[in-house]
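Q: Provided herewith is a single structure, encoded as structure tokens, for subsequent inquiry.
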Amino acid sequence: MTDAPAPGADVPDGLDVFDPRRYAAGIPHECYRLLRERHPVAWQPEPEVLGWPAGPGFWAVTRHADTVRVLRDHATYSSWLGATQIRDPDPADLPFLRRTMLNQDPRRSAGDHGRLRRLVARAFTPARVDAFADRVCDRARNLLCAARDAAVDGAADLVTAVTDEYALLNLTDLLGIPAADRGLLLDWTVRIIGYQDPEDAPAPQLGPDGKPLNPRSPALLVEMFDYARELAAYKRAHPADDVMTALAASELAPGELEMFFFLLTVAGNDTVRSAAPGGLLALAGAPDAYRRLARGEVPVERAVEELLRVHPPVLSFRRTAAVDTVLAGQPIRAGDKVVVFHASANHDERVFSAPGRLDLGRDPNPHVSFGDGPHVCLGAHFARLQLRTLYEQWRDLMPAPELAAPPRRLVSNFINGITRLPLRVSGPPA
């Protein structure tokens, strides 16, 4: 990795999109806009933040076309070389991280990436997902009604009352996790996803040098991997129509199955766990748009895409330049980190008219909230099913979304999380 920008690079003064604390106040859309306009590929320093060590810096990619180019061109912009988080992993952890298809390249990984995607695609079929539609609908209705019945002064925190449980229980049903074990998945997700947030995650474990250990390092995932092996053995002995049975019966090596369980547990849970409250928050801020949805003037499927555009579950993904290249006129050297910012790409004026307006009928809507290229989200169909169902049930059962108190956002430059969302839940449907 380089420790300074390439010759001739601008380091935009005050246009910092790295500091995770910045996102606790909301997505920095004005900062993104200025970067798109003036510095579409901008050097960002990586200072020490919240006890996490400093890094060498990276290129922030903020326009839609450049984001899509980076995500599609795996030969130039590699997931395998440095994995997919902004912070550099410990070099000793890289072989471990490369076991998951998220951190592989189709060509560089000796065929493993395509093989692994095909295996999980066979386990995660649309037919299997769609078979859960009635159960997902019942769960959305029951959780919303329970939140309304337990409201205090007509309000409830939708994160703790509805969306955390909704995302977790839907995923564990699909995977085939026994009910008694489901709390483990939420604990693991919070530890791994919320690690930058002093309030949301447990205190980090420290290494011998006194620095926090990466929660994705193998030393801190032993409990999860032990559970994955035990669950797979149980599924082989007691097969069922669920994803873990399909994976346990596949030709996955033990280490590959463990990493799949890690990926599905964390990414599969947190995608909806972040997107669902984010969509409700967006609707609370746009009452006219919500009225159109409530009156049936826009299809819920199209509204889901617009809510994903304005509140993508993931804020950023990192690649590493495999060769010297040029992006949007900016020279980039082999080894440089290149980070795409999904929320910025989704607001690019070159692609989306009036990007700051919530237009639930927007069509076309080529957002990149589920990525693009060889790493596009395999669970997108399941996520869309859950989001569509939740918004439909809210529309049918609940009053128009209205904030009862300020929300709290996750301190993170990776996940676009909402940790508290107090909404009015008493009153007739709009």
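Residue names in the structure tokens use chain letters A, B, ... in the order shown, residue numbers from 1 in each chain, and ligand numbers from 1 in the order shown.
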Show me, as a VMD selection string, the residues that have an atom within 10 Å of Glu349 (chain A) when counting only C-alpha atoms, minus same-chain residues fewer than 3 positions from it.
A: chain A and resid 33 36 to 37 63 to 64 344 to 346 352 to 356
Q: Hey, can you spit out that residue selection with C-alpha atoms as a CSV table (one decimal), in the first residue's frame?
A:
chain,number,residue,atom,x,y,z
A,33,ARG,CA,-21.9,16.3,-3.8
A,36,ARG,CA,-18.6,14.3,-7.2
A,37,GLU,CA,-18.5,17.8,-8.7
A,63,ARG,CA,-19.7,9.1,-9.0
A,64,HIS,CA,-22.1,6.4,-10.2
A,344,SER,CA,-22.9,9.0,-3.1
A,345,ALA,CA,-23.3,7.0,-6.3
A,346,ASN,CA,-27.0,6.7,-5.6
A,352,PHE,CA,-30.7,10.5,-11.0
A,353,SER,CA,-32.8,13.6,-11.5
A,354,ALA,CA,-33.5,15.5,-8.3
A,355,PRO,CA,-31.6,12.9,-6.3
A,356,GLY,CA,-32.4,14.5,-3.0
Q: From region 249-292 of chain A, collect each residue whose DSSP state is alpha helix (DSSP H) and return the set as a PyMOL selection string.
A: chain A and resi 254-284+287-292
Q: Which residues, written as a ChimeraX atom specification, have at least one atom at most 10 Å from Ala167 (chain A), with only C-alpha atoms counted and residues fewer than 4 positions away on the same chain left out?
A: /A:136,139-140,162-163,171-172,186,268-276,383,386-387
Q: Please write the residues from the selection above to a file, keeping all heavy atoms, as a CSV table (one decimal), in the first residue's frame.
A:
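Result file part07.csv:
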chain,number,residue,atom,x,y,z
A,136,VAL,N,-43.2,-14.6,6.4
A,136,VAL,CA,-42.6,-13.2,6.5
A,136,VAL,C,-43.8,-12.2,6.7
A,136,VAL,O,-43.7,-11.3,7.6
A,136,VAL,CB,-41.8,-12.9,5.3
A,136,VAL,CG1,-41.4,-11.4,5.2
A,136,VAL,CG2,-40.5,-13.7,5.2
A,139,ARG,N,-45.1,-12.5,10.2
A,139,ARG,CA,-44.2,-11.9,11.2
A,139,ARG,C,-44.2,-10.4,11.2
A,139,ARG,O,-44.2,-9.8,12.3
A,139,ARG,CB,-42.8,-12.4,10.9
A,139,ARG,CG,-41.7,-11.9,11.8
A,139,ARG,CD,-40.4,-12.7,11.8
A,139,ARG,NE,-40.7,-14.0,12.4
A,139,ARG,CZ,-40.3,-15.2,11.8
A,139,ARG,NH1,-39.8,-15.2,10.6
A,139,ARG,NH2,-40.6,-16.3,12.4
A,140,ALA,N,-44.3,-9.8,10.0
A,140,ALA,CA,-44.4,-8.4,10.0
A,140,ALA,C,-45.6,-7.9,10.7
A,140,ALA,O,-45.6,-6.9,11.5
A,140,ALA,CB,-44.3,-7.9,8.5
A,162,VAL,N,-39.3,-4.0,16.4
A,162,VAL,CA,-39.7,-4.6,15.1
A,162,VAL,C,-38.6,-5.1,14.3
A,162,VAL,O,-38.4,-6.3,14.0
A,162,VAL,CB,-40.7,-3.7,14.3
A,162,VAL,CG1,-41.0,-4.3,13.0
A,162,VAL,CG2,-41.9,-3.3,15.1
A,163,THR,N,-37.8,-4.1,13.8
A,163,THR,CA,-36.9,-4.5,12.6
A,163,THR,C,-35.7,-5.4,13.0
A,163,THR,O,-35.3,-6.2,12.2
A,163,THR,CB,-36.4,-3.2,12.0
A,163,THR,OG1,-35.7,-2.4,12.9
A,163,THR,CG2,-37.5,-2.4,11.4
A,171,LEU,N,-34.2,-14.5,8.7
A,171,LEU,CA,-33.0,-15.1,8.2
A,171,LEU,C,-32.8,-16.5,8.9
A,171,LEU,O,-32.5,-17.5,8.2
A,171,LEU,CB,-31.8,-14.2,8.5
A,171,LEU,CG,-30.5,-14.8,8.2
A,171,LEU,CD1,-30.3,-15.0,6.6
A,171,LEU,CD2,-29.3,-14.0,8.7
A,172,THR,N,-33.1,-16.6,10.2
A,172,THR,CA,-32.9,-17.8,10.8
A,172,THR,C,-33.9,-18.9,10.4
A,172,THR,O,-33.6,-20.1,10.4
A,172,THR,CB,-32.9,-17.7,12.4
A,172,THR,OG1,-34.1,-17.0,12.7
A,172,THR,CG2,-31.7,-16.9,12.8
A,186,LEU,N,-27.7,-12.5,16.4
A,186,LEU,CA,-27.8,-11.0,16.6
A,186,LEU,C,-26.5,-10.5,17.4
A,186,LEU,O,-25.9,-9.5,17.1
A,186,LEU,CB,-29.0,-10.6,17.4
A,186,LEU,CG,-29.2,-9.1,17.6
A,186,LEU,CD1,-29.3,-8.4,16.3
A,186,LEU,CD2,-30.5,-8.8,18.4
A,268,GLY,N,-26.5,-11.3,5.7
A,268,GLY,CA,-27.9,-11.6,5.5
A,268,GLY,C,-28.8,-10.9,6.5
A,268,GLY,O,-29.9,-10.5,6.2
A,269,ASN,N,-28.3,-10.9,7.7
A,269,ASN,CA,-29.0,-10.2,8.8
A,269,ASN,C,-29.0,-8.7,8.7
A,269,ASN,O,-30.0,-8.0,8.7
A,269,ASN,CB,-28.5,-10.7,10.1
A,269,ASN,CG,-29.3,-10.1,11.3
A,269,ASN,OD1,-30.4,-9.7,11.2
A,269,ASN,ND2,-28.6,-10.1,12.5
A,270,ASP,N,-27.8,-8.1,8.5
A,270,ASP,CA,-27.7,-6.7,8.6
A,270,ASP,C,-28.2,-5.9,7.4
A,270,ASP,O,-28.5,-4.8,7.5
A,270,ASP,CB,-26.2,-6.3,8.9
A,270,ASP,CG,-26.2,-5.1,9.8
A,270,ASP,OD1,-26.5,-5.3,11.0
A,270,ASP,OD2,-25.8,-4.0,9.4
A,271,THR,N,-28.3,-6.6,6.3
A,271,THR,CA,-28.8,-5.9,5.1
A,271,THR,C,-30.3,-5.4,5.4
A,271,THR,O,-30.6,-4.2,5.2
A,271,THR,CB,-28.9,-6.8,3.9
A,271,THR,OG1,-27.5,-7.2,3.5
A,271,THR,CG2,-29.5,-6.1,2.7
A,272,VAL,N,-31.1,-6.3,5.9
A,272,VAL,CA,-32.5,-5.8,6.2
A,272,VAL,C,-32.5,-5.1,7.5
A,272,VAL,O,-33.3,-4.1,7.7
A,272,VAL,CB,-33.4,-7.1,6.2
A,272,VAL,CG1,-34.8,-6.7,6.7
A,272,VAL,CG2,-33.5,-7.7,4.8
A,273,ARG,N,-31.7,-5.5,8.4
A,273,ARG,CA,-31.7,-4.8,9.7
A,273,ARG,C,-31.3,-3.3,9.6
A,273,ARG,O,-31.8,-2.5,10.4
A,273,ARG,CB,-30.6,-5.5,10.6
A,273,ARG,CG,-30.5,-4.9,12.0
A,273,ARG,CD,-29.6,-5.8,12.9
A,273,ARG,NE,-29.3,-5.2,14.2
A,273,ARG,CZ,-28.2,-4.7,14.5
A,273,ARG,NH1,-27.1,-4.7,13.7
A,273,ARG,NH2,-28.0,-4.2,15.7
A,274,SER,N,-30.5,-3.0,8.5
A,274,SER,CA,-30.2,-1.6,8.3
A,274,SER,C,-31.2,-0.9,7.3
A,274,SER,O,-31.6,0.2,7.5
A,274,SER,CB,-28.8,-1.5,7.7
A,274,SER,OG,-27.8,-2.0,8.5
A,275,ALA,N,-31.6,-1.6,6.3
A,275,ALA,CA,-32.5,-1.0,5.3
A,275,ALA,C,-33.9,-0.8,5.8
A,275,ALA,O,-34.5,0.2,5.4
A,275,ALA,CB,-32.5,-1.9,4.0
A,276,ALA,N,-34.4,-1.7,6.6
A,276,ALA,CA,-35.9,-1.5,7.0
A,276,ALA,C,-36.1,-0.3,7.8
A,276,ALA,O,-37.0,0.5,7.5
A,276,ALA,CB,-36.3,-2.8,7.8
A,383,ALA,N,-34.0,-10.0,0.5
A,383,ALA,CA,-34.1,-8.7,1.2
A,383,ALA,C,-35.3,-7.9,0.6
A,383,ALA,O,-36.1,-7.3,1.4
A,383,ALA,CB,-32.8,-7.9,1.0
A,386,GLN,N,-38.6,-9.1,2.1
A,386,GLN,CA,-38.8,-8.7,3.4
A,386,GLN,C,-39.2,-7.2,3.5
A,386,GLN,O,-40.1,-6.8,4.2
A,386,GLN,CB,-37.6,-8.9,4.3
A,386,GLN,CG,-37.3,-10.4,4.5
A,386,GLN,CD,-36.0,-10.6,5.2
A,386,GLN,OE1,-35.9,-10.4,6.4
A,386,GLN,NE2,-34.9,-10.9,4.5
A,387,LEU,N,-38.5,-6.4,2.7
A,387,LEU,CA,-38.8,-4.9,2.8
A,387,LEU,C,-40.1,-4.6,2.2
A,387,LEU,O,-40.9,-3.9,2.7
A,387,LEU,CB,-37.7,-4.2,2.0
A,387,LEU,CG,-36.3,-4.3,2.6
A,387,LEU,CD1,-35.2,-3.7,1.6
A,387,LEU,CD2,-36.2,-3.6,3.9
Q: Identify, on the basis of only C-alpha atoms, every residue whose closest approach to Arg409 (chain A) does not exceed 10 Å; exclude the query and any residue fewer than 6 positions from it along the same chain; express the result as a list in words.
A: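 My list of contacting residues is Arg21, Tyr23, Ala24, Ala25, Gly26, Ile27, Asp197, Asp200, Ser274, Gly278, Ile415, Asn416, Gly417, Ile418, Thr419, Arg420 and Leu421 of chain A.
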Q: Those same residues, written as a short mmCIF file (atom, residue, chain, number, x, y, z; two decimals), in the first residue's frame with N, CA and C atoms?
A:
data_model
loop_
_atom_site.label_atom_id
_atom_site.label_comp_id
_atom_site.auth_asym_id
_atom_site.auth_seq_id
_atom_site.Cartn_x
_atom_site.Cartn_y
_atom_site.Cartn_z
N ARG A 21 -17.39 8.64 12.76
CA ARG A 21 -18.23 9.47 13.63
C ARG A 21 -19.08 10.44 12.82
N TYR A 23 -20.81 9.85 10.25
CA TYR A 23 -22.06 9.24 9.78
C TYR A 23 -23.11 9.15 10.88
N ALA A 24 -22.71 9.36 12.13
CA ALA A 24 -23.69 9.38 13.22
C ALA A 24 -24.65 10.56 13.08
N ALA A 25 -24.24 11.60 12.36
CA ALA A 25 -25.09 12.76 12.12
C ALA A 25 -25.89 12.64 10.83
N GLY A 26 -25.73 11.55 10.11
CA GLY A 26 -26.41 11.37 8.84
C GLY A 26 -25.42 11.26 7.70
N ILE A 27 -25.89 10.77 6.57
CA ILE A 27 -25.02 10.64 5.40
C ILE A 27 -24.58 12.04 4.96
N ASP A 197 -18.70 1.62 16.75
CA ASP A 197 -19.62 2.42 17.56
C ASP A 197 -19.46 2.08 19.03
N ASP A 200 -22.88 0.89 20.47
CA ASP A 200 -23.61 -0.24 19.89
C ASP A 200 -22.93 -1.57 20.12
N SER A 274 -30.55 -2.96 8.55
CA SER A 274 -30.21 -1.56 8.28
C SER A 274 -31.22 -0.90 7.34
N GLY A 278 -34.20 2.31 7.92
CA GLY A 278 -33.83 3.43 7.07
C GLY A 278 -34.94 3.82 6.12
N ILE A 415 -21.50 0.45 7.49
CA ILE A 415 -22.91 0.08 7.52
C ILE A 415 -23.75 1.32 7.81
N ASN A 416 -24.80 1.50 7.03
CA ASN A 416 -25.71 2.64 7.16
C ASN A 416 -26.81 2.26 8.16
N GLY A 417 -26.41 2.11 9.41
CA GLY A 417 -27.31 1.55 10.41
C GLY A 417 -28.11 2.60 11.16
N ILE A 418 -29.28 2.19 11.63
CA ILE A 418 -30.11 2.97 12.54
C ILE A 418 -30.23 2.14 13.83
N THR A 419 -29.79 2.69 14.95
CA THR A 419 -29.83 1.93 16.19
C THR A 419 -31.04 2.26 17.05
N ARG A 420 -31.68 3.42 16.83
CA ARG A 420 -32.93 3.75 17.49
C ARG A 420 -33.81 4.54 16.52
N LEU A 421 -35.11 4.18 16.45
CA LEU A 421 -36.04 4.86 15.57
C LEU A 421 -37.39 5.00 16.27
#
Q: Taking into account only C-alpha atoms, which residue in the set A:Met398, A:Val41, A:Leu403, A:Leu97 is nearest to Asp149 (chain A)?
A: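 Nearest to Asp149 (chain A): A:Met398.
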